[in-house]
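Source file run_7.csv; content: CSV, C-alpha atoms.
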chain,number,residue,atom,x,y,z
A,1,MET,CA,0.0,0.0,0.0
A,2,ARG,CA,1.2,3.4,-0.8
A,3,LYS,CA,1.7,6.0,1.9
A,4,SER,CA,-1.3,8.0,0.6
A,5,GLY,CA,-3.6,5.0,1.2
A,6,ALA,CA,-2.3,4.5,4.7
A,7,GLN,CA,-2.6,8.2,5.5
A,8,LYS,CA,-6.1,8.3,4.1
A,9,GLY,CA,-7.1,5.3,6.3
A,10,LYS,CA,-5.5,6.9,9.4
A,11,GLY,CA,-7.4,10.2,8.7
A,12,LYS,CA,-10.7,8.4,8.3
A,13,ILE,CA,-10.2,6.6,11.6
A,14,LYS,CA,-9.4,10.0,13.3
A,15,GLU,CA,-12.4,11.6,11.8
A,16,VAL,CA,-14.8,8.8,12.9
A,17,ALA,CA,-13.3,8.7,16.3
A,18,GLY,CA,-13.7,12.5,16.6
A,19,LYS,CA,-17.3,12.4,15.6
A,20,ALA,CA,-18.1,9.5,18.0
A,21,THR,CA,-16.5,11.3,20.9
A,22,GLY,CA,-17.6,14.8,20.0
A,23,ASP,CA,-13.9,15.9,19.7
A,24,THR,CA,-14.0,18.4,16.9
A,25,ARG,CA,-10.3,18.9,16.9
A,26,LEU,CA,-9.7,15.2,16.3
A,27,GLU,CA,-12.4,15.2,13.6
A,28,ALA,CA,-10.7,18.1,11.8
A,29,GLU,CA,-7.3,16.5,12.1
A,30,GLY,CA,-8.8,13.4,10.4
A,31,LYS,CA,-10.2,15.5,7.5
A,32,THR,CA,-6.9,17.3,7.1
A,33,ASP,CA,-5.0,13.9,7.0
A,34,GLN,CA,-7.4,12.7,4.3
A,35,MET,CA,-6.9,15.9,2.2
A,36,ALA,CA,-3.1,15.6,2.5
A,37,ALA,CA,-3.4,12.0,1.4
A,38,ARG,CA,-5.4,13.1,-1.7
A,39,ALA,CA,-2.6,15.6,-2.5
A,40,ARG,CA,0.0,12.9,-2.1
A,41,GLU,CA,-1.9,10.7,-4.5
A,42,GLY,CA,-1.7,13.4,-7.1
A,43,ILE,CA,2.0,13.7,-6.6
A,44,GLU,CA,2.4,9.9,-6.8
A,45,ARG,CA,0.5,9.9,-10.1
A,46,VAL,CA,2.8,12.7,-11.5
A,47,HIS,CA,5.9,10.7,-10.5
A,48,GLU,CA,4.5,7.5,-12.0
A,49,SER,CA,3.7,9.3,-15.3
A,50,ALA,CA,7.1,10.8,-15.5
A,51,ARG,CA,8.7,7.4,-14.8
A,52,ARG,CA,6.7,5.9,-17.6
A,53,ALA,CA,7.6,8.7,-20.0
A,54,ARG,CA,11.3,8.2,-19.3
A,55,GLU,CA,11.0,4.5,-19.8
A,56,THR,CA,9.1,5.0,-23.1
A,57,GLU,CA,11.7,7.5,-24.3
A,58,ARG,CA,14.6,5.2,-23.5
A,59,GLY,CA,12.8,2.3,-25.3
A,60,THR,CA,12.4,4.3,-28.5
A,61,SER,CA,15.9,5.7,-28.7
Could you quickly redo this structure as structure tokens?
Amino acid sequence: MRKSGAQKGKGKIKEVAGKATGDTRLEAEGKTDQMAARAREGIERVHESARRARETERGTS
């Protein structure tokens, strides 16, 4: 599992725990963790695309 997936899961757990206990700070932390994970996913996609482009370029030279 990529880091973003683990971070997203951790954030969801925090959010649910915060809602269950009425802890708005913990709930907000969970939402923030999930948003950061989505940003990380985007970065991972860019890195993967760049890697594929490099491999394709090397293969055609």
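The spacing separating CA of Gly18 (chain A) from CA of Met35 (chain A) amounts to 16.3 Å.
If you look at CA of Ala39 (chain A) and CA of Lys3 (chain A), they are 11.4 Å away from each other.
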(message) Quick check, in Å to one decimal: how far apart do CA of Gly5 (chain A) and CA of Thr21 (chain A) lie?
(response)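 Atom-to-atom, CA of Gly5 (chain A) and CA of Thr21 (chain A) are spaced 24.4 Å apart.
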(request) Find the residues with any atom within 12 Å of (1.0, 13.6, 0.7); use all atoms listed in the file and the coordinates as given in the file, and write the answer as a list in words. (result)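 Every residue inside that radius is included here: Arg2, Lys3, Ser4, Gly5, Ala6, Gln7, Lys8, Thr32, Asp33, Gln34, Met35, Ala36, Ala37, Arg38, Ala39, Arg40, Glu41, Gly42, Ile43, Glu44 and Arg45 of chain A.
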Just write the chosen residues, C-alpha atoms, as a short mmCIF file (atom, residue, chain, number, x, y, z; two decimals), in the frame of the given file.
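What ended up in out-v6.cif:
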data_model
loop_
_atom_site.label_atom_id
_atom_site.label_comp_id
_atom_site.auth_asym_id
_atom_site.auth_seq_id
_atom_site.Cartn_x
_atom_site.Cartn_y
_atom_site.Cartn_z
CA ARG A 2 1.20 3.40 -0.80
CA LYS A 3 1.70 6.00 1.90
CA SER A 4 -1.30 8.00 0.60
CA GLY A 5 -3.60 5.00 1.20
CA ALA A 6 -2.30 4.50 4.70
CA GLN A 7 -2.60 8.20 5.50
CA LYS A 8 -6.10 8.30 4.10
CA THR A 32 -6.90 17.30 7.10
CA ASP A 33 -5.00 13.90 7.00
CA GLN A 34 -7.40 12.70 4.30
CA MET A 35 -6.90 15.90 2.20
CA ALA A 36 -3.10 15.60 2.50
CA ALA A 37 -3.40 12.00 1.40
CA ARG A 38 -5.40 13.10 -1.70
CA ALA A 39 -2.60 15.60 -2.50
CA ARG A 40 0.00 12.90 -2.10
CA GLU A 41 -1.90 10.70 -4.50
CA GLY A 42 -1.70 13.40 -7.10
CA ILE A 43 2.00 13.70 -6.60
CA GLU A 44 2.40 9.90 -6.80
CA ARG A 45 0.50 9.90 -10.10
#
(message) List as JSON, numbers by chain the protein and nucleic acid residues near region 14-16 of chain A, meaning an atom at most 8 Å away when only C-alpha atoms are counted, but skip any in the same chain fewer than 5 places from it.
(response) {"A": [26, 27, 28, 29, 30, 31]}
Those residues with C-alpha atoms, as a PDB file, in the frame of the given file please?
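Contents of result_20.pdb, as written:
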ATOM      1  CA  LEU A  26      -9.700  15.200  16.300  1.00  0.00           C
ATOM      2  CA  GLU A  27     -12.400  15.200  13.600  1.00  0.00           C
ATOM      3  CA  ALA A  28     -10.700  18.100  11.800  1.00  0.00           C
ATOM      4  CA  GLU A  29      -7.300  16.500  12.100  1.00  0.00           C
ATOM      5  CA  GLY A  30      -8.800  13.400  10.400  1.00  0.00           C
ATOM      6  CA  LYS A  31     -10.200  15.500   7.500  1.00  0.00           C
TER       7      LYS A  31
END
